[in-house]
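Q: Pasting a structure below so you can have a look.
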Amino acid sequence: MHASAQDKARVFRGAYLGAVEQKPIAILDVGSAIVDGQSLSNRDVMQNPLWTVHGLDIEAGLNVDTVVADPYDWKEIPSGSFDVVTCSEVFEHAEYFWITILEIARVLKGNGVAFITSPGGGPRHRFPVDCWRFYDDAFPALARYA
């Protein structure tokens, strides 16, 4: 996770989670692995003794609680089980991001909220692939789709 994405996570927390600071909530962090050369995570931003943060990724590693067998069918995660889903700098690496957004929608509770960031430009950075860049209208369109 880049520092700019973590800054956005802080803004998201203040704007969307301030009302639930005193309530227990469950947060799923998609693409949670902290890879070589990085040390930042959404888990750091979402620290609260009442909140549970669960890391999900396609490979085991630091900050990962669940490794999914299929990146586009998270059988390991029950439907409607999370209040919040965070997903920072992952969609550019998902070959089929439109399926990923459907899985995020599936695991969110009915009144849940998702925080998703992904670059709109920049250099190629494979983890394991780098397929996409997203403009301002992309995530509102995906939200309507999901």
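Every chain in the structure tokens takes a letter, A first, then B, and so on in the order presented; its residues are numbered from 1, and the ligands are numbered from 1 following the presented order.
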Near Asp36 in chain A, within 12 Å and counting only C-alpha atoms, which residues show up once chain neighbours fewer than 4 positions away are dropped, as an MDAnalysis selection string?
A: chainID A and resid 1 40 61:62 127
Q: Could you give me, as a PDB file with N, CA, C and O atoms, in the first residue's frame, each residue of range 6-79 of chain A that DSSP assigns to helix (DSSP H, G or I) when run on this structure's backbone?
A:
```pdb
ATOM      1  N   GLN A   6      -3.005   5.134   1.882  1.00  0.00           N
ATOM      2  CA  GLN A   6      -3.279   5.117   3.309  1.00  0.00           C
ATOM      3  C   GLN A   6      -3.886   6.450   3.752  1.00  0.00           C
ATOM      4  O   GLN A   6      -4.783   6.473   4.601  1.00  0.00           O
ATOM      5  N   ASP A   7      -3.437   7.545   3.176  1.00  0.00           N
ATOM      6  CA  ASP A   7      -4.041   8.850   3.471  1.00  0.00           C
ATOM      7  C   ASP A   7      -5.523   8.845   3.099  1.00  0.00           C
ATOM      8  O   ASP A   7      -6.367   9.357   3.840  1.00  0.00           O
ATOM      9  N   LYS A   8      -5.853   8.255   1.958  1.00  0.00           N
ATOM     10  CA  LYS A   8      -7.256   8.162   1.531  1.00  0.00           C
ATOM     11  C   LYS A   8      -8.058   7.295   2.501  1.00  0.00           C
ATOM     12  O   LYS A   8      -9.227   7.572   2.775  1.00  0.00           O
ATOM     13  N   ALA A   9      -7.430   6.241   3.015  1.00  0.00           N
ATOM     14  CA  ALA A   9      -8.113   5.386   3.997  1.00  0.00           C
ATOM     15  C   ALA A   9      -8.436   6.168   5.264  1.00  0.00           C
ATOM     16  O   ALA A   9      -9.499   5.993   5.859  1.00  0.00           O
ATOM     17  N   ARG A  10      -7.525   7.040   5.677  1.00  0.00           N
ATOM     18  CA  ARG A  10      -7.789   7.880   6.851  1.00  0.00           C
ATOM     19  C   ARG A  10      -8.963   8.821   6.610  1.00  0.00           C
ATOM     20  O   ARG A  10      -9.808   9.019   7.482  1.00  0.00           O
ATOM     21  N   VAL A  11      -9.016   9.408   5.422  1.00  0.00           N
ATOM     22  CA  VAL A  11     -10.139  10.282   5.069  1.00  0.00           C
ATOM     23  C   VAL A  11     -11.441   9.480   5.075  1.00  0.00           C
ATOM     24  O   VAL A  11     -12.458   9.933   5.609  1.00  0.00           O
ATOM     25  N   PHE A  12     -11.417   8.286   4.489  1.00  0.00           N
ATOM     26  CA  PHE A  12     -12.595   7.408   4.486  1.00  0.00           C
ATOM     27  C   PHE A  12     -13.050   7.114   5.905  1.00  0.00           C
ATOM     28  O   PHE A  12     -14.242   7.231   6.222  1.00  0.00           O
ATOM     29  N   ARG A  13     -12.121   6.749   6.765  1.00  0.00           N
ATOM     30  CA  ARG A  13     -12.496   6.433   8.147  1.00  0.00           C
ATOM     31  C   ARG A  13     -13.183   7.613   8.812  1.00  0.00           C
ATOM     32  O   ARG A  13     -14.244   7.457   9.425  1.00  0.00           O
ATOM     33  N   GLY A  14     -12.617   8.784   8.692  1.00  0.00           N
ATOM     34  CA  GLY A  14     -13.213   9.961   9.308  1.00  0.00           C
ATOM     35  C   GLY A  14     -14.575  10.296   8.739  1.00  0.00           C
ATOM     36  O   GLY A  14     -15.503  10.654   9.472  1.00  0.00           O
ATOM     37  N   ALA A  15     -14.719  10.176   7.435  1.00  0.00           N
ATOM     38  CA  ALA A  15     -15.965  10.567   6.776  1.00  0.00           C
ATOM     39  C   ALA A  15     -17.078   9.537   6.918  1.00  0.00           C
ATOM     40  O   ALA A  15     -18.244   9.895   7.052  1.00  0.00           O
ATOM     41  N   TYR A  16     -16.730   8.241   6.893  1.00  0.00           N
ATOM     42  CA  TYR A  16     -17.760   7.208   6.828  1.00  0.00           C
ATOM     43  C   TYR A  16     -17.869   6.326   8.068  1.00  0.00           C
ATOM     44  O   TYR A  16     -18.876   5.646   8.242  1.00  0.00           O
ATOM     45  N   GLY A  18     -16.898   7.440  11.366  1.00  0.00           N
ATOM     46  CA  GLY A  18     -16.931   8.213  12.601  1.00  0.00           C
ATOM     47  C   GLY A  18     -18.127   7.897  13.469  1.00  0.00           C
ATOM     48  O   GLY A  18     -18.025   7.840  14.697  1.00  0.00           O
ATOM     49  N   ALA A  19     -19.259   7.640  12.857  1.00  0.00           N
ATOM     50  CA  ALA A  19     -20.496   7.357  13.601  1.00  0.00           C
ATOM     51  C   ALA A  19     -20.490   5.988  14.269  1.00  0.00           C
ATOM     52  O   ALA A  19     -21.328   5.725  15.137  1.00  0.00           O
ATOM     53  N   VAL A  20     -19.549   5.122  13.890  1.00  0.00           N
ATOM     54  CA  VAL A  20     -19.516   3.771  14.473  1.00  0.00           C
ATOM     55  C   VAL A  20     -18.256   3.525  15.298  1.00  0.00           C
ATOM     56  O   VAL A  20     -17.926   2.377  15.597  1.00  0.00           O
ATOM     57  N   ASN A  42      -4.277  -1.060   5.431  1.00  0.00           N
ATOM     58  CA  ASN A  42      -5.569  -0.556   5.903  1.00  0.00           C
ATOM     59  C   ASN A  42      -5.799  -0.961   7.355  1.00  0.00           C
ATOM     60  O   ASN A  42      -6.463  -0.238   8.098  1.00  0.00           O
ATOM     61  N   ARG A  43      -5.265  -2.096   7.763  1.00  0.00           N
ATOM     62  CA  ARG A  43      -5.424  -2.544   9.148  1.00  0.00           C
ATOM     63  C   ARG A  43      -4.890  -1.491  10.122  1.00  0.00           C
ATOM     64  O   ARG A  43      -5.497  -1.231  11.162  1.00  0.00           O
ATOM     65  N   ASP A  44      -3.766  -0.870   9.757  1.00  0.00           N
ATOM     66  CA  ASP A  44      -3.201   0.176  10.608  1.00  0.00           C
ATOM     67  C   ASP A  44      -4.190   1.321  10.809  1.00  0.00           C
ATOM     68  O   ASP A  44      -4.347   1.834  11.907  1.00  0.00           O
ATOM     69  N   VAL A  45      -4.844   1.723   9.730  1.00  0.00           N
ATOM     70  CA  VAL A  45      -5.779   2.854   9.771  1.00  0.00           C
ATOM     71  C   VAL A  45      -7.051   2.492  10.529  1.00  0.00           C
ATOM     72  O   VAL A  45      -7.655   3.346  11.188  1.00  0.00           O
TER      73      VAL A  45
END
```
Q: Excluding same-chain residues fewer than 2 positions from Asp83 in chain A, what lies within 8 Å of it counting only C-alpha atoms, as a ChimeraX atom specification?
A: /A:25-27,81,85,108-109,111-113
Q: Calculate how many Å separate CA of Tyr135 in chain A from CA of Phe91 in chain A, rounding to one decimal.
A: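 Separation of CA of Tyr135 in chain A and CA of Phe91 in chain A: 12.2 Å.
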Q: Between A:Asp136, A:Asp73, A:Glu103, A:Glu21, single out the one closest to Thr117 in chain A, counting only C-alpha atoms.
A: A:Asp136
Q: What lies within 7 Å of Glu92 in chain A using only C-alpha atoms, ignoring chain neighbours under 4 positions off, as a PyMOL selection string?
A: chain A and resi 118+130-133
Q: Take the selection from the previous step and output its residues with N, CA and C atoms, as an mmCIF file, in the first residue's frame.
A:
```cif
data_model
loop_
_atom_site.group_PDB
_atom_site.id
_atom_site.type_symbol
_atom_site.label_atom_id
_atom_site.label_comp_id
_atom_site.auth_asym_id
_atom_site.auth_seq_id
_atom_site.Cartn_x
_atom_site.Cartn_y
_atom_site.Cartn_z
ATOM 1 N N SER A 118 -7.629 2.587 -6.448
ATOM 2 C CA SER A 118 -6.784 1.994 -7.465
ATOM 3 C C SER A 118 -6.245 3.130 -8.323
ATOM 4 N N ASP A 130 -0.467 -6.599 -13.863
ATOM 5 C CA ASP A 130 -0.913 -5.207 -13.765
ATOM 6 C C ASP A 130 -1.708 -4.916 -15.034
ATOM 7 N N CYS A 131 -3.027 -4.922 -14.921
ATOM 8 C CA CYS A 131 -3.896 -4.915 -16.099
ATOM 9 C C CYS A 131 -4.635 -3.612 -16.375
ATOM 10 N N TRP A 132 -4.923 -2.814 -15.348
ATOM 11 C CA TRP A 132 -5.897 -1.739 -15.501
ATOM 12 C C TRP A 132 -5.469 -0.448 -14.823
ATOM 13 N N ARG A 133 -6.062 0.659 -15.281
ATOM 14 C CA ARG A 133 -6.034 1.950 -14.600
ATOM 15 C C ARG A 133 -7.476 2.463 -14.594
#
```
Q: Taking only C-alpha atoms into account, name the residue in A:Val30, A:Leu17, A:Ala60, A:Val129 that is nearest to Asn48 in chain A.
A: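 Ranked by minimum distance to Asn48 in chain A, first place goes to A:Leu17.
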Q: Find, counting only C-alpha atoms, the residue in A:Lys75, A:Arg106, A:His2, A:Arg124 that gets nearest to Gln38 in chain A.
A: A:His2
Q: Residues of range 16-144 of chain A classed as strand (DSSP E) by DSSP on the backbone are to be reported as a ChimeraX atom specification.
A: /A:25-30,51-57,66-67,82-88,108-117
